[in-house]
Amino acid sequence: MSDTNQSSWMEEVMKRLRLVKYPGFSRDIVSFGLVHDLALEGAELKLTLKLSTPDPALPEKLGQEIRAGLKGLDAVQSVTIRTEVTPTAAAASTGTQGIEGVKKIIAVASGKGGVGKSTVASNVAVSLARTGWKVGLCDCDLYGPSQALMLGCREGVRVEEGTERIIPAECHGVKLMSMGMLLGEDSPAALRGPMVTRFTQQFLRQVAWGELDVLVLDLPPGTGDIQLTIVQTVSLDGALIVTTPQEVALVDARKAIAMFRKVNVEILGLVENMSYFVVPGTDQKHNIFGSGGGKRESERQKVPLLGEIPLDAEARKCGDEGRPVVLAHPTSPSAISFLNLGNSVAKILFSNNSTRTT
Ligand code: ADP
């Protein structure tokens, strides 16, 4: 085959591979960077699939789809696929660290926006830091970053000379890196497709976190490509799923749980936020968004319900003022629940050793 022929066949091969989607997601296997060492030797097409989840069904499923997609191409009579599970993915299955110096990495996620995911992430991070853990918080919500505001962080981004690594800010004892800091308050985060992947990877890999006990990732809401990018880039030790009690939020929480399970990330537990409201100065309790939804869902999913956080004006006010409620009003109803949640998370991550001696 001439070189020109060969390159036009390869173009066709790439075109067809771009139609093969990663199961359950809208992104294709080429744009996601799974296809490597592509070569046409005679009529044999060889390629390596670099996967980041050790799911034994995945190579077979992708193999079938790749072969089906390449059917009818004269130049390709056979397809040989080698599968490699990348080190970060191997780490995911064994629970070892995925970022140098970072012992545990957890994601705080929700299927739906506005349920209090970022509020939970910042308060859990600060609660853990209060007990002596070295904690980092990474705001991965490129489209609606809010952690810089919630932690009252005004520091700009600093880059380490020579290494070009990004130095995280430090607020309330938590190391913070946020897209908000990279983009500035008013910049629209008009990032698309591959740029999202690149930024997210830069976020997770190029930040000089130093030694951390726990890195908390505040994920954007939803179950799309960006969440997959994050899960593929770093090995998570588990995910906290935040919901509110009503069905409309639980439906999306279910999707988030399914997404993490698909990529073999352990669900640490469910957090029901805005569970109830106690009229200040009374013991009148109102279940504004319904009651028992989080408990029922946690039983259905066989995951622990790690917290029922009340709706509390202090939580909202403190978030807006940049001082998480666990610091500003540690005896308020929501702060007590957040501190208990932080304790439960620490217990799960470090097996009943929730107070660290530094
Ligand atoms: P998400 O990250 O899910 O979009 P946020 O954490 O940004 O949600 O919360 C949305 C709004 O709800 C914020 O104004 C926040 O201060 C407020 N909020 C979150 N949790 C509570 C709570 N338990 N009580 C009162 N307000 C809350």
# chains A, B, ... in the order shown; residues from 1 in each chain; ligands from 1
>>> residues_around(residues="range 35-44 of chain A", least_positions_apart="3", cutoff="6 Å", atoms="only C-alpha atoms", output="NGL selection string")
:A and (30 or 47-49 or 75-79)
>>> residues_near_ligand(ligand="ligand 1", cutoff="7 Å", atoms="only C-alpha atoms and all ligand atoms", output="ChimeraX atom specification")
/A:110,112-120,146,221,273-274,309-317,319-320,334
>>> closest_residue(among="A:Asp28, A:Arg16, A:Ser332, A:Ala121", to="Gly72 in chain A", atoms="only C-alpha atoms")
A:Arg16
>>> closest_residue(among="A:Arg67, A:Cys153, A:Ala109, A:Val279", to="Cys140 in chain A", atoms="only C-alpha atoms")
A:Ala109
>>> residues_around(residues="Met179 in chain A", least_positions_apart="6", cutoff="9 Å", atoms="only C-alpha atoms", output="list of chain:residue names")
A:Cys138, A:Asp139, A:Cys140, A:Asp141, A:Leu142, A:Tyr143, A:Gly144, A:Pro145, A:Ser146, A:Ala148, A:Ala189, A:Phe199, A:Phe203
>>> residues_around(residues="range 321-327 of chain A", least_positions_apart="5", cutoff="7 Å", atoms="only C-alpha atoms", output="number ranges by chain")
A: 122-123, 127, 149-152, 314-315, 335, 338-339
>>> write_last_selection(atoms="N, CA, C and O atoms", output="CSV table (one decimal), in the first residue's frame")
chain,number,residue,atom,x,y,z
A,122,SER,N,-17.1,22.5,51.3
A,122,SER,CA,-16.2,23.5,52.0
A,122,SER,C,-16.3,23.2,53.5
A,122,SER,O,-15.3,23.2,54.2
A,123,ASN,N,-17.5,22.9,54.0
A,123,ASN,CA,-17.6,22.6,55.4
A,123,ASN,C,-17.0,21.3,55.8
A,123,ASN,O,-16.4,21.2,56.9
A,127,SER,N,-14.0,21.2,58.4
A,127,SER,CA,-14.1,20.3,59.6
A,127,SER,C,-12.9,19.4,59.7
A,127,SER,O,-12.4,19.2,60.8
A,149,LEU,N,-15.2,32.1,46.8
A,149,LEU,CA,-16.2,32.9,47.5
A,149,LEU,C,-16.5,32.3,48.8
A,149,LEU,O,-16.5,33.0,49.9
A,150,MET,N,-16.9,31.0,48.8
A,150,MET,CA,-17.3,30.4,50.1
A,150,MET,C,-16.3,30.4,51.1
A,150,MET,O,-16.6,30.4,52.3
A,151,LEU,N,-15.0,30.3,50.7
A,151,LEU,CA,-13.9,30.3,51.7
A,151,LEU,C,-13.3,31.7,51.9
A,151,LEU,O,-12.3,31.9,52.6
A,152,GLY,N,-13.9,32.7,51.2
A,152,GLY,CA,-13.4,34.1,51.3
A,152,GLY,C,-12.0,34.2,50.9
A,152,GLY,O,-11.2,35.0,51.5
A,314,GLU,N,-27.8,30.6,58.8
A,314,GLU,CA,-26.4,30.9,59.1
A,314,GLU,C,-25.5,30.2,58.1
A,314,GLU,O,-24.5,30.8,57.7
A,315,ALA,N,-25.9,29.0,57.6
A,315,ALA,CA,-25.1,28.3,56.6
A,315,ALA,C,-25.0,29.1,55.3
A,315,ALA,O,-23.9,29.3,54.7
A,335,ALA,N,-23.9,23.7,61.5
A,335,ALA,CA,-22.5,23.5,61.8
A,335,ALA,C,-22.3,22.1,62.5
A,335,ALA,O,-21.4,21.4,62.2
A,338,PHE,N,-22.6,19.4,60.1
A,338,PHE,CA,-21.4,19.4,59.2
A,338,PHE,C,-20.2,18.8,59.9
A,338,PHE,O,-19.4,18.0,59.4
A,339,LEU,N,-20.0,19.2,61.2
A,339,LEU,CA,-18.9,18.7,62.0
A,339,LEU,C,-19.0,17.1,62.2
A,339,LEU,O,-18.0,16.4,62.0
